[in-house]
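Source file: final02.txt (compact mmCIF, C-alpha atoms and all ligand atoms)
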```txt
# COMPACT_ATOMS: atom_id res chain seq x y z
CA MET A 1 40.48 85.25 152.48
CA ALA A 2 41.17 85.25 156.22
CA ASP A 3 40.53 88.96 156.64
CA THR A 4 37.13 88.82 154.95
CA GLN A 5 36.05 85.93 157.13
CA LEU A 6 36.76 87.98 160.22
CA MET A 7 35.24 91.16 158.86
CA GLN A 8 32.09 92.42 160.54
CA ILE A 9 29.61 93.41 157.90
CA PRO A 10 27.90 96.59 159.05
CA GLY A 11 24.26 95.66 159.11
CA HIS A 12 21.53 95.10 161.60
CA ILE A 13 21.86 91.35 161.43
CA ASP A 14 25.30 89.91 160.91
CA PRO A 15 25.34 86.99 158.56
CA LEU A 16 26.04 83.55 159.89
CA PRO A 17 29.72 82.67 160.07
CA VAL A 18 31.02 81.52 156.72
CA PRO A 19 30.99 77.72 156.80
CA ARG A 20 34.35 75.97 156.52
CA ASP A 21 35.21 75.42 152.90
CA ILE A 22 35.98 71.80 153.58
CA THR A 23 33.57 69.58 155.41
CA PRO A 24 34.48 65.91 155.03
CA ARG A 25 31.45 63.72 154.47
CA GLU A 26 30.39 61.01 156.89
CA ASP A 27 32.57 58.49 155.03
CA GLY A 28 35.57 60.80 155.53
CA ARG A 29 35.92 61.70 151.86
CA ILE A 30 36.17 65.34 150.83
CA ASP A 31 33.88 66.89 148.23
CA LEU A 32 36.02 68.79 145.74
CA LEU A 33 33.11 70.72 144.25
CA GLY A 34 33.43 74.41 145.05
CA LEU A 35 37.16 74.38 145.77
CA PRO A 36 39.57 76.47 143.71
CA ARG A 37 42.31 74.60 141.85
CA THR A 38 44.99 75.79 144.27
CA ARG A 39 43.05 74.34 147.21
CA ILE A 40 42.63 71.03 145.39
CA ALA A 41 46.40 70.95 144.83
CA GLU A 42 46.97 71.65 148.54
CA LEU A 43 44.69 68.77 149.49
CA PHE A 44 46.48 66.39 147.14
CA GLY A 45 49.78 67.52 148.70
CA GLU A 46 48.46 66.95 152.23
CA ALA A 47 47.39 63.46 151.15
CA GLY A 48 50.93 62.58 150.07
CA LEU A 49 51.55 63.67 146.47
CA ASP A 50 54.71 65.66 145.86
CA THR A 51 54.25 69.28 144.78
CA LYS A 52 54.66 68.64 141.08
CA ALA A 53 52.28 65.68 140.99
CA ALA A 54 49.73 67.51 143.16
CA LYS A 55 49.76 70.43 140.75
CA LEU A 56 49.40 68.26 137.67
CA ARG A 57 46.63 66.10 139.14
CA SER A 58 44.72 69.11 140.42
CA ARG A 59 44.83 70.65 136.95
CA GLN A 60 43.51 67.45 135.38
CA VAL A 61 40.79 66.90 137.98
CA TYR A 62 39.73 70.55 137.82
CA HIS A 63 39.35 70.33 134.07
CA TRP A 64 37.24 67.15 134.23
CA LEU A 65 35.22 68.60 137.06
CA TYR A 66 34.27 72.02 135.68
CA HIS A 67 34.92 71.73 131.98
CA ARG A 68 33.49 68.31 131.34
CA GLY A 69 31.03 67.83 134.20
CA ILE A 70 32.52 64.46 135.17
CA THR A 71 31.77 63.22 138.68
CA ASP A 72 33.48 59.81 138.56
CA PHE A 73 37.28 59.63 138.81
CA GLU A 74 37.21 56.41 136.73
CA ALA A 75 36.08 58.47 133.73
CA MET A 76 39.12 60.78 133.94
CA THR A 77 40.94 59.04 131.16
CA ASP A 78 44.16 61.06 131.16
CA ILE A 79 44.81 60.16 134.80
CA ALA A 80 46.75 56.93 135.33
CA LYS A 81 44.52 53.92 136.02
CA THR A 82 46.27 53.27 139.34
CA MET A 83 45.76 56.86 140.44
CA ARG A 84 42.00 56.85 139.97
CA PRO A 85 41.15 54.56 142.95
CA TRP A 86 43.56 56.65 145.07
CA LEU A 87 41.45 59.70 144.28
CA ALA A 88 38.13 57.90 144.70
CA ALA A 89 39.14 56.65 148.14
CA ARG A 90 39.74 60.19 149.37
CA TYR A 91 37.50 62.50 147.40
CA VAL A 92 34.10 62.82 145.76
CA ILE A 93 32.69 65.30 143.27
CA GLY A 94 29.21 66.02 144.53
CA ARG A 95 26.04 67.69 143.42
CA PRO A 96 23.16 69.06 145.48
CA GLU A 97 20.51 66.36 145.80
CA ILE A 98 17.46 66.84 143.57
CA VAL A 99 14.27 66.44 145.58
CA GLU A 100 11.90 67.45 142.81
CA ALA A 101 12.14 68.72 139.24
CA GLN A 102 9.26 70.59 137.62
CA HIS A 103 8.71 71.67 134.05
CA SER A 104 6.40 74.56 133.17
CA VAL A 105 4.29 74.70 130.02
CA ASP A 106 6.36 77.73 128.96
CA GLY A 107 9.63 75.79 129.21
CA THR A 108 10.69 77.18 132.60
CA ARG A 109 12.14 74.53 134.87
CA LYS A 110 12.39 74.52 138.62
CA TRP A 111 14.35 72.21 140.89
CA LEU A 112 13.90 71.74 144.59
CA LEU A 113 17.35 70.89 145.91
CA ARG A 114 18.63 69.62 149.24
CA THR A 115 21.92 70.19 151.02
CA ASP A 116 23.81 67.31 152.66
CA ASP A 117 22.49 68.43 156.03
CA GLY A 118 18.90 68.36 154.79
CA HIS A 119 17.97 71.98 153.93
CA ASP A 120 15.86 72.66 150.88
CA PHE A 121 16.46 75.44 148.38
CA GLU A 122 15.50 76.11 144.80
CA MET A 123 16.86 77.02 141.41
CA VAL A 124 15.06 77.96 138.22
CA PHE A 125 16.00 77.83 134.54
CA ILE A 126 14.25 80.26 132.21
CA PRO A 127 14.74 79.67 128.48
CA ASP A 128 14.17 82.58 126.10
CA ALA A 129 14.53 82.93 122.35
CA ASP A 130 18.12 84.15 122.56
CA ARG A 131 19.29 83.03 125.99
CA GLY A 132 18.80 80.64 128.88
CA THR A 133 18.97 82.14 132.34
CA LEU A 134 19.64 80.22 135.52
CA CYS A 135 18.32 81.82 138.69
CA VAL A 136 20.64 80.73 141.51
CA SER A 137 20.09 80.78 145.29
CA SER A 138 22.71 82.07 147.74
CA GLN A 139 21.12 81.26 151.10
CA VAL A 140 18.49 78.98 152.55
CA GLY A 141 15.96 81.61 153.63
CA CYS A 142 16.95 85.26 154.13
CA THR A 143 17.76 87.50 157.12
CA LEU A 144 15.96 90.38 155.45
CA ASN A 145 12.24 90.77 155.33
CA CYS A 146 11.05 92.54 152.22
CA ARG A 147 7.33 92.60 152.75
CA PHE A 148 6.34 91.42 149.28
CA CYS A 149 8.89 88.58 149.13
CA HIS A 150 8.04 85.06 150.12
CA THR A 151 11.64 84.18 150.94
CA GLY A 152 11.54 87.07 153.43
CA THR A 153 8.97 85.16 155.46
CA MET A 154 11.43 82.33 156.05
CA ARG A 155 14.08 82.39 158.70
CA LEU A 156 17.66 82.29 157.49
CA VAL A 157 18.65 78.67 157.91
CA ARG A 158 22.19 79.10 156.67
CA ASN A 159 24.42 80.43 153.94
CA LEU A 160 24.99 78.10 151.03
CA THR A 161 28.61 77.05 150.56
CA ALA A 162 30.55 77.89 147.38
CA GLY A 163 30.11 74.23 146.37
CA GLU A 164 26.35 74.40 146.83
CA ILE A 165 26.19 77.60 144.79
CA VAL A 166 28.38 76.44 141.88
CA GLY A 167 26.68 73.03 142.27
CA GLN A 168 23.46 74.60 141.03
CA VAL A 169 25.15 75.61 137.78
CA MET A 170 26.68 72.13 137.45
CA LEU A 171 23.30 70.49 138.00
CA ALA A 172 21.66 72.70 135.42
CA ARG A 173 24.33 71.75 132.89
CA ASP A 174 23.81 68.08 133.78
CA ALA A 175 20.06 68.37 133.32
CA LEU A 176 20.31 70.30 130.07
CA GLY A 177 22.89 67.84 128.77
CA GLU A 178 25.19 70.62 127.75
CA TRP A 179 28.66 69.50 128.74
CA PRO A 180 31.09 69.37 125.80
CA ARG A 181 30.18 66.60 123.41
CA SER A 182 33.19 64.38 123.98
CA GLY A 183 32.23 64.21 127.64
CA GLN A 184 28.63 63.48 126.83
CA ALA A 185 28.79 59.71 126.60
CA ASP A 186 30.59 59.43 129.92
CA LEU A 187 28.18 61.78 131.53
CA ALA A 188 25.13 59.97 130.26
CA ALA A 189 26.49 56.68 131.52
CA LEU A 190 27.38 58.04 134.92
CA ASN A 191 24.48 60.34 135.62
CA ASP A 192 21.71 58.56 133.82
CA ASP A 193 19.01 59.90 136.05
CA LEU A 194 20.19 63.49 135.76
CA VAL A 195 20.42 63.84 132.02
CA ASP A 196 17.13 64.96 130.55
CA ASP A 197 17.00 65.90 126.92
CA GLU A 198 13.25 66.25 126.96
CA GLY A 199 13.30 70.04 126.70
CA GLY A 200 15.57 69.95 123.65
CA TYR A 201 17.22 73.24 124.56
CA SER A 202 20.46 72.20 122.91
CA ALA A 203 18.65 71.52 119.66
CA ASP A 204 16.94 74.90 119.86
CA GLY A 205 20.18 76.58 120.83
CA ARG A 206 18.66 77.54 124.17
CA LEU A 207 21.47 76.61 126.49
CA LEU A 208 22.42 78.01 129.82
CA THR A 209 23.94 81.34 128.80
CA ASN A 210 23.22 83.67 131.73
CA ILE A 211 23.20 83.49 135.50
CA VAL A 212 21.28 85.72 137.88
CA MET A 213 21.83 85.61 141.64
CA MET A 214 18.13 86.18 142.21
CA GLY A 215 17.03 82.99 143.91
CA MET A 216 16.62 82.62 147.64
CA GLY A 217 18.70 84.86 149.87
CA GLU A 218 20.71 88.07 149.85
CA PRO A 219 23.94 87.27 147.98
CA LEU A 220 25.94 90.11 149.54
CA TYR A 221 25.25 88.70 153.03
CA ASN A 222 27.05 85.55 151.87
CA PHE A 223 29.77 87.47 150.12
CA ASP A 224 32.78 85.13 150.33
CA ASN A 225 30.94 82.03 149.19
CA VAL A 226 29.13 83.84 146.38
CA ARG A 227 32.41 85.37 145.21
CA ASP A 228 34.27 82.05 145.34
CA ALA A 229 31.47 80.25 143.47
CA LEU A 230 31.20 82.93 140.78
CA LYS A 231 34.97 82.88 140.29
CA LEU A 232 34.67 79.18 139.41
CA VAL A 233 31.81 79.98 137.06
CA MET A 234 33.84 82.72 135.34
CA ASP A 235 37.20 80.89 135.22
CA GLY A 236 38.23 80.24 131.63
CA ASP A 237 39.52 76.79 132.67
CA GLY A 238 36.32 76.18 134.60
CA LEU A 239 32.75 76.85 133.55
CA ALA A 240 33.98 79.81 131.51
CA LEU A 241 30.90 81.99 131.60
CA SER A 242 31.62 85.66 130.94
CA LYS A 243 31.09 88.08 133.83
CA ARG A 244 28.97 90.11 131.44
CA ARG A 245 26.45 87.28 131.51
CA ILE A 246 26.21 87.17 135.28
CA THR A 247 24.06 89.52 137.35
CA LEU A 248 24.02 89.77 141.11
CA SER A 249 20.90 91.22 142.68
CA THR A 250 21.08 92.96 146.04
CA SER A 251 18.40 94.51 148.20
CA GLY A 252 20.96 97.25 148.92
CA VAL A 253 23.77 96.05 151.17
CA VAL A 254 25.64 99.30 150.53
CA PRO A 255 28.94 98.53 152.35
CA LEU A 256 29.58 95.49 150.15
CA MET A 257 28.59 96.87 146.76
CA ALA A 258 32.02 98.26 145.90
CA ARG A 259 33.66 94.96 146.83
CA CYS A 260 31.17 93.17 144.61
CA GLY A 261 32.34 95.30 141.70
CA ASP A 262 36.04 95.02 142.54
CA GLU A 263 36.30 91.38 143.58
CA ILE A 264 33.59 89.74 141.48
CA GLY A 265 33.05 92.23 138.68
CA VAL A 266 29.63 91.01 137.60
CA ASN A 267 26.65 93.13 136.57
CA LEU A 268 24.68 94.64 139.40
CA ALA A 269 20.92 94.67 139.89
CA VAL A 270 19.49 96.62 142.79
CA SER A 271 16.09 95.93 144.30
CA LEU A 272 14.98 99.54 144.58
CA HIS A 273 11.18 99.05 144.54
CA ALA A 274 10.39 102.50 145.97
CA VAL A 275 11.53 106.11 145.64
CA THR A 276 10.57 107.53 149.04
CA LYS A 277 11.95 106.69 152.44
CA GLU A 278 8.51 106.02 153.82
CA VAL A 279 7.57 103.39 151.24
CA ARG A 280 11.01 101.78 150.95
CA ASP A 281 11.33 101.55 154.74
CA GLU A 282 8.11 99.56 154.70
CA ILE A 283 8.66 97.23 151.77
CA VAL A 284 12.47 96.85 151.78
CA PRO A 285 13.31 97.29 155.48
CA ILE A 286 17.10 97.27 154.96
CA ASN A 287 16.40 100.83 153.79
CA ARG A 288 16.30 101.87 157.46
CA LYS A 289 19.95 100.97 157.67
CA PHE A 290 21.12 102.08 154.23
CA GLY A 291 18.86 104.77 152.78
CA ILE A 292 18.02 105.57 149.17
CA GLU A 293 20.61 108.37 148.85
CA GLU A 294 23.42 106.20 150.14
CA LEU A 295 22.30 103.34 147.93
CA LEU A 296 22.15 105.44 144.77
CA GLN A 297 25.54 106.97 145.53
CA ALA A 298 26.97 103.43 145.81
CA CYS A 299 25.39 102.69 142.42
CA ALA A 300 27.01 105.81 140.96
CA ASP A 301 30.35 104.60 142.36
CA TYR A 302 29.97 100.99 141.16
CA PRO A 303 33.06 100.06 139.14
CA ARG A 304 32.97 99.75 135.36
CA VAL A 305 29.41 100.93 134.85
CA SER A 306 28.90 102.56 131.48
CA ASN A 307 26.30 103.22 128.85
CA ALA A 308 26.85 99.69 127.57
CA ARG A 309 26.97 98.15 131.05
CA ARG A 310 24.14 99.56 133.08
CA ILE A 311 22.88 98.95 136.58
CA THR A 312 19.45 97.37 136.63
CA PHE A 313 16.92 98.71 139.10
CA GLU A 314 14.29 96.15 139.96
CA TYR A 315 10.94 97.65 140.74
CA VAL A 316 8.11 95.38 141.84
CA MET A 317 4.73 96.84 140.92
CA LEU A 318 2.49 96.97 143.99
CA LYS A 319 -1.02 98.33 143.62
CA ASP A 320 -1.45 101.79 145.23
CA LYS A 321 1.83 101.40 147.06
CA ASN A 322 4.65 102.43 144.70
CA ASP A 323 3.02 102.64 141.26
CA SER A 324 1.85 106.26 140.76
CA ASP A 325 2.88 108.64 137.96
CA ASP A 326 4.56 110.84 140.58
CA GLU A 327 6.70 107.92 141.72
CA ALA A 328 7.75 107.19 138.14
CA ARG A 329 8.77 110.86 137.78
CA GLU A 330 10.65 110.79 141.06
CA LEU A 331 12.53 107.72 139.82
CA ILE A 332 13.59 109.64 136.71
CA ARG A 333 14.71 112.56 138.87
CA LEU A 334 16.79 110.29 141.08
CA ILE A 335 18.45 108.51 138.15
CA ARG A 336 19.33 111.87 136.62
CA HIS A 337 20.44 113.41 139.90
CA TYR A 338 22.95 110.62 140.53
CA LYS A 339 23.90 110.55 136.81
CA LEU A 340 23.31 106.82 136.70
CA TYR A 341 23.67 104.57 133.70
CA ALA A 342 20.60 102.57 134.58
CA LYS A 343 17.71 100.61 133.25
CA VAL A 344 14.60 99.69 135.18
CA ASN A 345 13.00 96.27 135.27
CA LEU A 346 9.34 96.52 136.17
CA ILE A 347 8.30 93.27 137.84
CA PRO A 348 4.61 92.51 138.17
CA PHE A 349 4.13 91.47 141.79
CA ASN A 350 3.77 87.73 142.04
CA PRO A 351 1.27 87.05 144.82
CA TRP A 352 1.63 84.29 147.36
CA PRO A 353 -0.84 83.08 149.99
CA GLY A 354 -1.07 85.66 152.77
CA ALA A 355 0.86 88.37 150.90
CA PRO A 356 -0.11 91.85 152.10
CA TYR A 357 -0.10 93.43 148.61
CA GLU A 358 -1.71 93.11 145.21
CA CYS A 359 -0.17 93.49 141.79
CA SER A 360 -0.78 96.80 139.99
CA GLU A 361 -3.24 96.80 137.10
CA PRO A 362 -1.63 96.06 133.73
CA SER A 363 -2.64 99.55 132.44
CA ARG A 364 -0.92 101.15 135.47
CA ILE A 365 2.26 99.17 134.84
CA ARG A 366 2.19 100.19 131.17
CA ARG A 367 1.77 103.85 132.09
CA PHE A 368 4.61 103.69 134.63
CA SER A 369 6.81 102.11 131.99
CA GLU A 370 5.85 104.75 129.36
CA ILE A 371 6.76 107.63 131.64
CA LEU A 372 10.24 106.19 132.08
CA PHE A 373 10.66 105.37 128.39
CA ASP A 374 9.57 108.93 127.47
CA ALA A 375 12.41 110.20 129.64
CA GLY A 376 14.85 107.98 127.74
CA ILE A 377 15.11 105.30 130.42
CA SER A 378 14.62 101.70 129.33
CA ALA A 379 11.89 100.21 131.53
CA PRO A 380 10.60 96.92 130.17
CA VAL A 381 7.96 94.96 132.04
CA ARG A 382 9.24 91.55 133.00
CA THR A 383 7.00 88.81 131.69
CA PRO A 384 6.07 86.40 134.45
CA ARG A 385 7.45 82.95 133.70
CA GLY A 386 6.71 79.52 135.06
CA ARG A 387 3.70 80.65 137.07
CA ASP A 388 2.13 77.19 136.84
CA ILE A 389 5.06 75.79 138.81
CA ASP A 390 5.55 78.79 141.16
CA ALA A 391 8.91 79.50 139.57
CA ALA A 392 9.00 83.30 139.59
CA CYS A 393 12.43 84.58 140.48
CA GLY A 394 12.53 86.11 143.91
CA GLN A 395 9.64 84.23 145.32
CA LEU A 396 10.98 80.75 145.41
CA LYS A 397 9.47 78.67 148.11
CA THR A 398 8.79 75.21 149.29
CA ALA A 399 5.38 73.96 150.24
CA SER A 400 6.66 73.03 153.67
CA GLU A 401 7.58 76.64 154.32
CA ARG A 402 4.12 78.07 153.77
CA LYS A 403 2.97 80.00 156.82
CA SER A 404 -0.34 81.37 158.03
CA ARG A 405 -1.03 85.13 158.00
CA ALA A 406 -0.69 85.21 161.81
CA GLU A 407 2.68 83.49 161.66
CA LEU A 408 3.81 85.92 158.95
CA ASP A 409 2.83 88.92 161.08
CA ARG A 410 4.66 87.49 164.05
CA LEU A 411 7.79 86.88 162.01
CA TYR A 412 7.56 90.36 160.48
CA ALA A 413 7.29 91.96 163.94
CA GLU A 414 10.26 89.89 165.11
CA LYS A 415 12.45 90.97 162.21
CA GLN A 416 11.30 94.61 162.57
CA ALA A 417 12.30 94.51 166.25
CA ALA A 418 15.74 93.29 165.21
CA LEU A 419 16.08 96.42 163.08
CA GLY A 420 15.88 98.51 166.28
N1 LIG B 1 17.90 89.18 147.79
C1 LIG B 1 18.18 89.70 146.52
C2 LIG B 1 18.02 88.70 145.39
C3 LIG B 1 16.84 87.77 145.44
S1 LIG B 1 15.25 88.43 145.12
C4 LIG B 1 17.36 90.94 146.28
O1 LIG B 1 16.45 91.22 147.05
O2 LIG B 1 17.66 91.65 145.33
C5 LIG B 1 15.22 88.71 143.35
C6 LIG B 1 14.21 89.79 142.92
O3 LIG B 1 12.85 89.33 142.99
C7 LIG B 1 14.28 91.02 143.81
O4 LIG B 1 14.22 92.19 143.07
C8 LIG B 1 13.05 90.86 144.64
O5 LIG B 1 12.70 92.07 145.21
C9 LIG B 1 12.05 90.31 143.67
N2 LIG B 1 10.88 89.69 144.29
C10 LIG B 1 10.80 89.07 145.48
N3 LIG B 1 9.55 88.64 145.72
C11 LIG B 1 8.79 88.99 144.66
C12 LIG B 1 7.41 88.81 144.32
N4 LIG B 1 6.58 88.19 145.13
N5 LIG B 1 6.99 89.30 143.14
C13 LIG B 1 7.86 89.91 142.30
N6 LIG B 1 9.16 90.11 142.57
C14 LIG B 1 9.65 89.66 143.74
FE1 LIG B 2 15.66 88.62 151.00
FE2 LIG B 2 15.74 89.59 148.47
FE3 LIG B 2 13.49 88.53 149.48
FE4 LIG B 2 14.36 90.88 150.37
S1 LIG B 2 13.67 90.41 148.26
S2 LIG B 2 13.59 89.18 151.64
S3 LIG B 2 16.55 90.57 150.35
S4 LIG B 2 15.40 87.45 149.11
```
Write out the structure in this file as structure tokens.
Amino acid sequence: MADTQLMQIPGHIDPLPVPRDITPREDGRIDLLGLPRTRIAELFGEAGLDTKAAKLRSRQVYHWLYHRGITDFEAMTDIAKTMRPWLAARYVIGRPEIVEAQHSVDGTRKWLLRTDDGHDFEMVFIPDADRGTLCVSSQVGCTLNCRFCHTGTMRLVRNLTAGEIVGQVMLARDALGEWPRSGQADLAALNDDLVDDEGGYSADGRLLTNIVMMGMGEPLYNFDNVRDALKLVMDGDGLALSKRRITLSTSGVVPLMARCGDEIGVNLAVSLHAVTKEVRDEIVPINRKFGIEELLQACADYPRVSNARRITFEYVMLKDKNDSDDEARELIRLIRHYKLYAKVNLIPFNPWPGAPYECSEPSRIRRFSEILFDAGISAPVRTPRGRDIDAACGQLKTASERKSRAELDRLYAEKQAALG
């Protein structure tokens, strides 16, 4: 871990230093959420337990924490009664604070969350017939400045910690009431205000089955914390979600893509959005650092990609900007040239106040999609979800962050200048 913390990520803006994995709270207690089991055992050892006891207790606590969703040591029934106050005096099992929870008419749910130090970020749950997808944030704000993205208009406040990232998944499970049944009664008693069966997803079989790192922020610019959080999500003794059900979306941080495949091993989505340098430079400015050729080569080299496990290219449909027949054909050429196992997700642009683009006409999007399908490339159009609660993935925002057009232009110029 030490070497990655010191590593300089080649990019125009280096990410903020990775926060310490352990920040005691004001009352001196340590939040265990987000820590791997080995680290929990170390902490128990430092607090006075002998090696064997520390190992055993860490295994028990870890199980209650991630497998059962328990946040109160008193409810950990296989831990000796005398041991529970010892734990409670030194540790807590936290959750991000919920500032606001919204429920769309189409079943989509959005939560505005707050970190301990008072920064707001968002997560979204999107239920479908056969799956429930949680859209998770990796940063508060973003250092990048994709011109169509509302998050790009915010300054990067800071990286989220591994605990704050995995905490989103924990909260979603709390809210959907989907911890294993035997833990249910405890959970309901302890987290009364969090459990909300209103949506009835469990009854419909629409539980949290998939995770996409497509909320606020660029996950590869917070690599260590995203990796550590996803490891907890994938751990069979933890949240036990298969890596096949997790997708990380990057705007194209080429130097970290291979490590994402090797060290995390989840599915990759790439925010391509354009097929020429000119257009991609404008709408996804990281393209000036890592161009389309380099990006597609990194996709071709991404570990374990196959016909059954494809890379997803996200392509936001912007009227008269990137939506012509010629651009669809160029996309086919590129995919063939790099021999990519790929599918394309066409995303209707979701406008926000002051946005400099419009969404392509539905007939244009259909045509673009047809051209790709005719070439044998799957290119479904993503149905907008949760529009009534502003829940579209990739444009999460808080009312307090809304900026005027003039402010947006100023911020854009500032970030462009940083690109050199
Ligand atoms: N930073 C990462 C992940 C978060 S954005 C990335 O850029 O890939 C998730 C997806 O939503 C990206 O493909 C992003 O380009 C897209 N997106 C952002 N703003 C959007 C908007 N207003 N309308 C439609 N898609 C948008
Ligand atoms: Fe950041 Fe992704 Fe938005 Fe670009 S699209 S500004 S990388 S969150």
Shell around Ala298 in chain A at 8 Å using only C-alpha atoms, local window under 6 positions removed, as a short mmCIF file (atom, residue, chain, number, x, y, z; two decimals) with C-alpha atoms, in the coordinates of the input:
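As a result, part-v9.cif now contains:
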```cif
data_model
loop_
_atom_site.label_atom_id
_atom_site.label_comp_id
_atom_site.auth_asym_id
_atom_site.auth_seq_id
_atom_site.Cartn_x
_atom_site.Cartn_y
_atom_site.Cartn_z
CA VAL A 254 25.64 99.30 150.53
CA MET A 257 28.59 96.87 146.76
CA ALA A 258 32.02 98.26 145.90
#
```
> Which residues, written as number ranges by chain, have at least one atom at most 10 Å from Leu318 in chain A, with all atoms listed in the file counted and residues fewer than 4 positions away on the same chain left out?
Replying inline: A: 148, 273-274, 283, 322-324, 347-350, 356-361, 365
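Residues in contact range of range 132-143 of chain A, defined as at most 6 Å between only C-alpha atoms, with sequence neighbours fewer than 6 positions away removed, read A:Phe121, A:Met123, A:Val124, A:Phe125, A:Ile126, A:Thr151, A:Gly152, A:Met154, A:Arg155, A:Leu156, A:Val157, A:Arg158, A:Asn159, A:Leu160, A:Arg206, A:Leu207, A:Leu208, A:Thr209, A:Asn210, A:Ile211, A:Val212, A:Met213, A:Met214, A:Gly215, A:Met216, A:Gly217, A:Pro219.
Here CA of Ala88 in chain A stands at a distance of 29.0 Å from CA of Glu122 in chain A.
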>> Need to verify the contact set: range 58-74 of chain A, 6 Å, all atoms listed in the file, exclusion of same-chain residues closer than 5 positions in sequence. Can you return it as number ranges by chain?
In response: A: 40-41, 84, 93, 179, 183, 238-239
>> Please determine, counting all atoms listed in the file, which residue among A:Leu295, A:Val253, A:Leu372, A:Ile98 has the shortest atom-to-atom distance to ligand LIG 2 (chain B).
In response: A:Val253
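Proximity ranking of A:Arg304, A:Arg329, A:Arg131, A:Arg387 relative to ligand LIG 1 (chain B) places A:Arg387 first, based on all atoms listed in the file.
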Please complete range 315-320 of chain A with all heavy atoms and give it back as a PDB file, in the frame of the given file.
```pdb
ATOM      1  N   TYR A 315      12.027  96.877 140.147  1.00  0.00           N
ATOM      2  CA  TYR A 315      10.940  97.650 140.740  1.00  0.00           C
ATOM      3  C   TYR A 315       9.676  96.808 140.663  1.00  0.00           C
ATOM      4  O   TYR A 315       9.109  96.597 139.596  1.00  0.00           O
ATOM      5  CB  TYR A 315      10.782  98.961 139.963  1.00  0.00           C
ATOM      6  CG  TYR A 315      10.059 100.062 140.708  1.00  0.00           C
ATOM      7  CD1 TYR A 315      10.760 101.067 141.365  1.00  0.00           C
ATOM      8  CD2 TYR A 315       8.663 100.080 140.765  1.00  0.00           C
ATOM      9  CE1 TYR A 315      10.092 102.079 142.048  1.00  0.00           C
ATOM     10  CE2 TYR A 315       7.987 101.083 141.447  1.00  0.00           C
ATOM     11  CZ  TYR A 315       8.706 102.082 142.084  1.00  0.00           C
ATOM     12  OH  TYR A 315       8.043 103.077 142.770  1.00  0.00           O
ATOM     13  N   VAL A 316       9.287  96.253 141.801  1.00  0.00           N
ATOM     14  CA  VAL A 316       8.110  95.380 141.840  1.00  0.00           C
ATOM     15  C   VAL A 316       6.858  96.267 141.874  1.00  0.00           C
ATOM     16  O   VAL A 316       6.815  97.264 142.605  1.00  0.00           O
ATOM     17  CB  VAL A 316       8.173  94.428 143.071  1.00  0.00           C
ATOM     18  CG1 VAL A 316       8.146  95.179 144.382  1.00  0.00           C
ATOM     19  CG2 VAL A 316       7.071  93.390 143.017  1.00  0.00           C
ATOM     20  N   MET A 317       5.897  95.971 141.037  1.00  0.00           N
ATOM     21  CA  MET A 317       4.730  96.840 140.920  1.00  0.00           C
ATOM     22  C   MET A 317       3.640  96.422 141.911  1.00  0.00           C
ATOM     23  O   MET A 317       2.988  95.384 141.744  1.00  0.00           O
ATOM     24  CB  MET A 317       4.184  96.808 139.480  1.00  0.00           C
ATOM     25  CG  MET A 317       5.171  97.310 138.436  1.00  0.00           C
ATOM     26  SD  MET A 317       5.741  99.015 138.682  1.00  0.00           S
ATOM     27  CE  MET A 317       4.252  99.955 138.379  1.00  0.00           C
ATOM     28  N   LEU A 318       3.459  97.259 142.945  1.00  0.00           N
ATOM     29  CA  LEU A 318       2.490  96.970 143.990  1.00  0.00           C
ATOM     30  C   LEU A 318       1.347  97.990 143.921  1.00  0.00           C
ATOM     31  O   LEU A 318       1.597  99.203 143.989  1.00  0.00           O
ATOM     32  CB  LEU A 318       3.154  97.038 145.369  1.00  0.00           C
ATOM     33  CG  LEU A 318       4.370  96.139 145.594  1.00  0.00           C
ATOM     34  CD1 LEU A 318       5.025  96.448 146.944  1.00  0.00           C
ATOM     35  CD2 LEU A 318       3.951  94.675 145.531  1.00  0.00           C
ATOM     36  N   LYS A 319       0.148  97.480 143.815  1.00  0.00           N
ATOM     37  CA  LYS A 319      -1.020  98.330 143.620  1.00  0.00           C
ATOM     38  C   LYS A 319      -1.146  99.382 144.726  1.00  0.00           C
ATOM     39  O   LYS A 319      -1.160  99.045 145.923  1.00  0.00           O
ATOM     40  CB  LYS A 319      -2.268  97.432 143.615  1.00  0.00           C
ATOM     41  CG  LYS A 319      -3.525  98.142 143.269  1.00  0.00           C
ATOM     42  CD  LYS A 319      -4.654  97.143 143.151  1.00  0.00           C
ATOM     43  CE  LYS A 319      -5.906  97.832 142.671  1.00  0.00           C
ATOM     44  NZ  LYS A 319      -6.988  96.878 142.480  1.00  0.00           N
ATOM     45  N   ASP A 320      -1.257 100.641 144.330  1.00  0.00           N
ATOM     46  CA  ASP A 320      -1.450 101.790 145.230  1.00  0.00           C
ATOM     47  C   ASP A 320      -0.365 101.918 146.297  1.00  0.00           C
ATOM     48  O   ASP A 320      -0.589 102.540 147.345  1.00  0.00           O
ATOM     49  CB  ASP A 320      -2.828 101.705 145.937  1.00  0.00           C
ATOM     50  CG  ASP A 320      -3.968 101.718 144.938  1.00  0.00           C
ATOM     51  OD1 ASP A 320      -3.796 102.334 143.860  1.00  0.00           O
ATOM     52  OD2 ASP A 320      -5.015 101.103 145.219  1.00  0.00           O
TER      53      ASP A 320
END
```
